[in-house]
Structure formats: C-alpha cells, structure tokens
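Taking it in order: structure first as structure tokens, then the write-up.
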Amino acid sequence: MKLATIGVGNAGSKVVDRMVEFESETNRNLCRHVHAINTARTDLAKPEYIPEEQRVLVGDTNQKSKGHGVGGDVEIGAEVMSADIDEIRRAFDDIEIHNVDAILVAAGLGGGTGSGGGPVVIDALQDMYDEPVYALGVLPGEYEGGRPALNAARSLQSFVNKVDNFIGFDNDAWRARDQTIEEGYEEMNRELAARIVTLLAAGETDDSDVAENAMDSSDIIRTLATDGVSSIGYAATAVDAQPEGLLDRWGGGGAEEDPLDDASQATKIKSLVRRATNSRLTLPCEVSSAERVLVVLSGPPSEFSRKGIESARQWLEQEAGTVEVLVGDDPRENSSRLAAAVLLSNVSGATRIETLQNQAVDAQEQIAEQQAAREEKINDLITDENDDLDPVV
C-alpha cells in the first residue's frame, strides 16, 4: 500500500515519526509522503525522521497561540487550524496523489491541536482528494484527567463521522504501571507503529518475494470500507536466521515435503494469529462484533503454511461470526521474525469509549460548576455590598 501520512499535533507527529523509523528498520516503503502539523514550534522540532521541510507550523501569528501551542484548548486548536488552512493546503501540493492509495491522519485526541485541528485537516484533504482518508486516534488514559477525556469524547465524534475508518489506540490498555509517562508514551508509539506498518505495508514486495496468498491495497481498502471504529492485534515470534527457500518450502524445488514439518508450521501460524487476536488490541473490543477481518502474515516465505493460513481463517470466521475474513502473506525474505497483524474493522463493544464518554460528561459538569462558582466569587469580591459606589460606565 502507498500511503500519505500526516501527524497533527505532538502525539500524532510522534506516531508518524515512529512509523517512518519502523519502515527504515524493516526495509519497507509504506509512507510515500509524510507531514507533521503543529501549533507549537518546540514540539515541531522533536521528530527524528520526518524531514524538516515537511513540518508545518500553524498559528504562529495568531494571538491565541503565537507558535506556543493551544494549551489543550480544542476550540482554539480548531480555530488556529482553520485560519491557516490555505498554508496547510499548499503543504499538501507536493503529494503525488496518483502514487497514493490512501491518506492516514494521526492525532492524539486528548490535547488541543490534534483533537481540534485534526478534523479541520481531514476536511481539507477530502476537499482536495478522492482517495480514502483514515484516522489513527490515540485516546487519553483515564489517569490523564477530565479535560483530555472531554476533548477526546468531543473530537471522537468528528473523526469517526468524517473519515472512511477510524483506528483507535487506547493509552489505558498499554501503559505499564512501573513506567514513567514519557517511557510509556515512547513504547506505545513504537508498538502502534509496528502494527500499522505491518498491516498496511502488505503487498509491497520485491521481485524475489512472491506471495502465495497475495494481499494488496485493494484488500485493505475493502476491509476498511465499513466506516466506524477499528482495532488492530499483533503478535510476532523469532524464526531461524537462515530459512530455506520459497520453492523448497512449497515443494517447487524438488525436495520432498515433510508432513510433520508442515503440521508444525500450520500450528505455528494458527497459534500466532490467535495470539494476535487475543492479546492487547490497540482498542479493546469484542472480536465477535467485527464486521470484517483482515490478517497479514509477514516474515520469511519459508515460514508460511497454506494449511496454517486456512486454519487461521476458519478460526477467525468462528470467533468474529463473519465470513468476511481475508488472510494473506507478506513475504520478507531477510526478516528474523514472523508476525501476524489482525485488523478488526467496524467493531462495537469498545468499553473504553463508553468509559471515556462518561468521564467526559462528568468533567463537563464539573467544569461548569467550577466556572459558576468562580464567577460568583469574583462578583462577591468586586461588588459594593452597601451600594455606595457607581461603576465608571
């Protein structure tokens, strides 16, 4: 798949940066165009792999941001992004859209720039291009407080209603208790990058790697063409450093196939897919609620097994309760790992979203009460109780 990838805000830009890093480490070329958009000059300097000329600072002349961010205010984030939308459009001019299958917008939904500005960027992209636009949204953890939850609950509606599919990532499900917040975010970004790149880079192979069960961008686009919210599972295991060749593995090189080896490979494939599905999903949800499912097996071709792929597909059909299950392989001859990425498209039963919405409602009520109490205190402070003084105007 060929992707234009745009990070909006600090969290979104970091995720995109880690995606480009993972591509480099695994010899992939998914992100053909990469941009970072931010309202804070200091945050825009943080990416390590996004080229400087592909970073866009917005709001530097706006009196409410002045290039220092929007202070977590979703309204200002949307306002600043809308005011500089022409500059953002000009930044997209270099996207060779004929070489792009889809566009991915990544954003953290707890802050102000990503949650408020992300939907504005999506609107601009959809006005300019006909290609599918997907969103990758990072939900704030419950520990982050009421304001981020309120931002996320509000922006989530905009993201999901605007894009062709929204892929969720839940911070609560991923941060370890013994980690600092910064360590937790860094590890989560790397985990998310591995899942997204492994899934969406399927079908991008060189001439020496021929997929037995070909997976290409049209399969991914069809699976994501459900609207709604999606989640990704992932599992990987180490493989032998020197695997046998593709032709030998499939019996094309004259070697006699060992039934025991084939059974072992089939079991490994099915177990890996089950582990990917039942492990920590990017957004915890009910597997049985998925409308469509797609699985990408990535690694040395010698590790693939027809029987294993078919067995994994049958198992997923039963678990998800749908016949809309695609399983394909993504050959990586020199890879030292066999990985399975599972896309659960248009899921329901995501309890974290429900919890987030309830937390947001409580936060909104608390903010309103605090504001009313503050206004009352200010009024008491400046009001003349004996009515002896008149205001100037």
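Residues are named by chain letter and number: chains run A, B, ... in the order of the structure tokens, numbers start at 1 in each chain, and ligands are numbered from 1 in the order shown.
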
- Tell me which protein, DNA and RNA residues are within 8 Å of region 187-203 of chain A, counting only C-alpha atoms, leaving out same-chain ones fewer than 3 positions away, and put them as a PyMOL selection string. chain A and resi 1-2+14-16+18-19+22-23+28-30+169+171+174-175+183-184+211+214-217+220+232-234+282+295-296+298+329-330+341-343

Near Ile88 (chain A), counting only C-alpha atoms, which residues have an atom at most 12 Å away, once you skip same-chain residues fewer than 5 positions from it, shown as a PDB file with N, CA, C and O atoms, in the first residue's frame?
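Output below, filename part.pdb:
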```pdb
ATOM      1  N   ILE A   6       0.004  11.887   7.745  1.00  0.00           N
ATOM      2  CA  ILE A   6       0.055  13.236   8.309  1.00  0.00           C
ATOM      3  C   ILE A   6      -0.168  13.163   9.816  1.00  0.00           C
ATOM      4  O   ILE A   6      -1.175  12.628  10.281  1.00  0.00           O
ATOM      5  N   VAL A   8      -0.885  15.224  13.157  1.00  0.00           N
ATOM      6  CA  VAL A   8      -1.404  16.521  13.611  1.00  0.00           C
ATOM      7  C   VAL A   8      -1.223  16.603  15.123  1.00  0.00           C
ATOM      8  O   VAL A   8      -1.719  15.756  15.860  1.00  0.00           O
ATOM      9  N   HIS A  35       4.000  14.235   6.583  1.00  0.00           N
ATOM     10  CA  HIS A  35       3.914  15.615   7.060  1.00  0.00           C
ATOM     11  C   HIS A  35       3.660  15.626   8.564  1.00  0.00           C
ATOM     12  O   HIS A  35       3.036  14.706   9.104  1.00  0.00           O
ATOM     13  N   ALA A  36       4.141  16.674   9.213  1.00  0.00           N
ATOM     14  CA  ALA A  36       3.820  16.931  10.619  1.00  0.00           C
ATOM     15  C   ALA A  36       3.263  18.356  10.695  1.00  0.00           C
ATOM     16  O   ALA A  36       3.867  19.285  10.154  1.00  0.00           O
ATOM     17  N   ILE A  37       2.127  18.507  11.358  1.00  0.00           N
ATOM     18  CA  ILE A  37       1.495  19.819  11.517  1.00  0.00           C
ATOM     19  C   ILE A  37       1.316  20.082  12.999  1.00  0.00           C
ATOM     20  O   ILE A  37       0.782  19.241  13.728  1.00  0.00           O
ATOM     21  N   ASN A  38       1.764  21.257  13.453  1.00  0.00           N
ATOM     22  CA  ASN A  38       1.675  21.544  14.881  1.00  0.00           C
ATOM     23  C   ASN A  38       1.513  23.039  15.113  1.00  0.00           C
ATOM     24  O   ASN A  38       1.844  23.860  14.259  1.00  0.00           O
ATOM     25  N   GLN A  54       9.025  19.083   5.619  1.00  0.00           N
ATOM     26  CA  GLN A  54       7.676  18.528   5.649  1.00  0.00           C
ATOM     27  C   GLN A  54       6.969  18.804   6.975  1.00  0.00           C
ATOM     28  O   GLN A  54       5.987  18.163   7.310  1.00  0.00           O
ATOM     29  N   ARG A  55       7.483  19.756   7.728  1.00  0.00           N
ATOM     30  CA  ARG A  55       6.868  20.137   9.003  1.00  0.00           C
ATOM     31  C   ARG A  55       6.226  21.514   8.850  1.00  0.00           C
ATOM     32  O   ARG A  55       6.860  22.446   8.339  1.00  0.00           O
ATOM     33  N   VAL A  56       4.980  21.616   9.279  1.00  0.00           N
ATOM     34  CA  VAL A  56       4.210  22.844   9.079  1.00  0.00           C
ATOM     35  C   VAL A  56       3.808  23.430  10.428  1.00  0.00           C
ATOM     36  O   VAL A  56       3.110  22.780  11.219  1.00  0.00           O
ATOM     37  N   LEU A  57       4.253  24.653  10.690  1.00  0.00           N
ATOM     38  CA  LEU A  57       3.868  25.362  11.905  1.00  0.00           C
ATOM     39  C   LEU A  57       2.674  26.256  11.584  1.00  0.00           C
ATOM     40  O   LEU A  57       2.725  27.071  10.666  1.00  0.00           O
ATOM     41  N   VAL A  58       1.592  26.093  12.330  1.00  0.00           N
ATOM     42  CA  VAL A  58       0.407  26.933  12.136  1.00  0.00           C
ATOM     43  C   VAL A  58       0.151  27.736  13.413  1.00  0.00           C
ATOM     44  O   VAL A  58       0.537  27.331  14.513  1.00  0.00           O
ATOM     45  N   GLY A  59      -0.479  28.873  13.246  1.00  0.00           N
ATOM     46  CA  GLY A  59      -0.855  29.682  14.398  1.00  0.00           C
ATOM     47  C   GLY A  59       0.249  30.544  14.957  1.00  0.00           C
ATOM     48  O   GLY A  59       0.081  31.123  16.036  1.00  0.00           O
ATOM     49  N   VAL A  80      -7.318  27.913  15.089  1.00  0.00           N
ATOM     50  CA  VAL A  80      -5.993  28.172  14.525  1.00  0.00           C
ATOM     51  C   VAL A  80      -5.787  27.389  13.233  1.00  0.00           C
ATOM     52  O   VAL A  80      -5.262  27.904  12.237  1.00  0.00           O
ATOM     53  N   MET A  81      -6.204  26.122  13.233  1.00  0.00           N
ATOM     54  CA  MET A  81      -6.028  25.299  12.035  1.00  0.00           C
ATOM     55  C   MET A  81      -6.880  25.828  10.886  1.00  0.00           C
ATOM     56  O   MET A  81      -6.434  25.858   9.737  1.00  0.00           O
ATOM     57  N   SER A  82      -8.085  26.271  11.180  1.00  0.00           N
ATOM     58  CA  SER A  82      -8.957  26.818  10.131  1.00  0.00           C
ATOM     59  C   SER A  82      -8.396  28.108   9.559  1.00  0.00           C
ATOM     60  O   SER A  82      -8.471  28.350   8.345  1.00  0.00           O
ATOM     61  N   ALA A  83      -7.818  28.943  10.429  1.00  0.00           N
ATOM     62  CA  ALA A  83      -7.268  30.230   9.973  1.00  0.00           C
ATOM     63  C   ALA A  83      -6.091  30.033   9.028  1.00  0.00           C
ATOM     64  O   ALA A  83      -5.880  30.855   8.118  1.00  0.00           O
ATOM     65  N   ASP A  93       0.526  20.248  -1.581  1.00  0.00           N
ATOM     66  CA  ASP A  93       0.682  20.310  -3.032  1.00  0.00           C
ATOM     67  C   ASP A  93       1.700  19.314  -3.554  1.00  0.00           C
ATOM     68  O   ASP A  93       1.634  18.897  -4.713  1.00  0.00           O
ATOM     69  N   ASP A  94       2.677  18.942  -2.720  1.00  0.00           N
ATOM     70  CA  ASP A  94       3.727  18.036  -3.200  1.00  0.00           C
ATOM     71  C   ASP A  94       3.315  16.572  -3.144  1.00  0.00           C
ATOM     72  O   ASP A  94       4.080  15.692  -3.544  1.00  0.00           O
ATOM     73  N   GLY A 117      -7.732  20.428  15.714  1.00  0.00           N
ATOM     74  CA  GLY A 117      -7.250  20.690  14.370  1.00  0.00           C
ATOM     75  C   GLY A 117      -7.352  19.507  13.431  1.00  0.00           C
ATOM     76  O   GLY A 117      -7.443  19.689  12.214  1.00  0.00           O
ATOM     77  N   GLY A 118      -7.328  18.279  13.970  1.00  0.00           N
ATOM     78  CA  GLY A 118      -7.394  17.089  13.129  1.00  0.00           C
ATOM     79  C   GLY A 118      -8.590  17.062  12.192  1.00  0.00           C
ATOM     80  O   GLY A 118      -8.429  16.851  10.979  1.00  0.00           O
ATOM     81  N   VAL A 120     -10.291  19.485  11.034  1.00  0.00           N
ATOM     82  CA  VAL A 120     -10.144  20.555  10.035  1.00  0.00           C
ATOM     83  C   VAL A 120      -9.221  20.093   8.912  1.00  0.00           C
ATOM     84  O   VAL A 120      -9.500  20.321   7.722  1.00  0.00           O
ATOM     85  N   VAL A 121      -8.118  19.436   9.263  1.00  0.00           N
ATOM     86  CA  VAL A 121      -7.189  18.904   8.269  1.00  0.00           C
ATOM     87  C   VAL A 121      -7.885  17.848   7.413  1.00  0.00           C
ATOM     88  O   VAL A 121      -7.713  17.802   6.186  1.00  0.00           O
ATOM     89  N   ILE A 122      -8.669  16.988   8.036  1.00  0.00           N
ATOM     90  CA  ILE A 122      -9.387  15.940   7.302  1.00  0.00           C
ATOM     91  C   ILE A 122     -10.342  16.548   6.289  1.00  0.00           C
ATOM     92  O   ILE A 122     -10.437  16.097   5.136  1.00  0.00           O
ATOM     93  N   ASP A 123     -11.062  17.587   6.685  1.00  0.00           N
ATOM     94  CA  ASP A 123     -11.967  18.267   5.753  1.00  0.00           C
ATOM     95  C   ASP A 123     -11.207  18.789   4.532  1.00  0.00           C
ATOM     96  O   ASP A 123     -11.666  18.654   3.388  1.00  0.00           O
ATOM     97  N   ALA A 124     -10.048  19.393   4.773  1.00  0.00           N
ATOM     98  CA  ALA A 124      -9.244  19.939   3.674  1.00  0.00           C
ATOM     99  C   ALA A 124      -8.782  18.833   2.735  1.00  0.00           C
ATOM    100  O   ALA A 124      -8.819  18.986   1.502  1.00  0.00           O
ATOM    101  N   LEU A 125      -8.346  17.715   3.289  1.00  0.00           N
ATOM    102  CA  LEU A 125      -7.880  16.595   2.475  1.00  0.00           C
ATOM    103  C   LEU A 125      -9.005  16.018   1.629  1.00  0.00           C
ATOM    104  O   LEU A 125      -8.813  15.693   0.456  1.00  0.00           O
ATOM    105  N   MET A 128      -9.741  18.097  -1.339  1.00  0.00           N
ATOM    106  CA  MET A 128      -8.701  18.091  -2.370  1.00  0.00           C
ATOM    107  C   MET A 128      -8.605  16.763  -3.112  1.00  0.00           C
ATOM    108  O   MET A 128      -8.269  16.741  -4.297  1.00  0.00           O
TER     109      MET A 128
END
```

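Here CA of Ala40 (chain A) stands at a distance of 27.4 Å from CA of Gln371 (chain A).
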
- Any chance you could list, as JSON, numbers by chain, the residues in region 8-222 of chain A that come up alpha helix (DSSP H) when DSSP is run on the backbone? {"A": [9, 10, 11, 12, 13, 14, 15, 16, 17, 18, 19, 20, 21, 22, 23, 24, 25, 26, 41, 42, 43, 44, 74, 75, 76, 77, 78, 79, 80, 81, 82, 83, 85, 86, 87, 88, 89, 90, 91, 118, 119, 120, 121, 122, 123, 124, 125, 126, 127, 128, 146, 147, 148, 149, 150, 151, 152, 153, 154, 155, 156, 157, 158, 159, 160, 161, 162, 181, 182, 183, 184, 185, 186, 187, 188, 189, 190, 191, 192, 193, 194, 195, 196, 197, 198, 199, 200, 217, 218, 219, 220, 221, 222]}

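Going from CA of Ile367 (chain A) over to CA of Ala149 (chain A), you cover 12.4 Å.
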
- If you count only C-alpha atoms, which residues fall within 8 Å of Phe304 (chain A), apart from same-chain ones fewer than 3 positions away, as a PyMOL selection string? chain A and resi 265-266+269+297+300-301+308-309+329
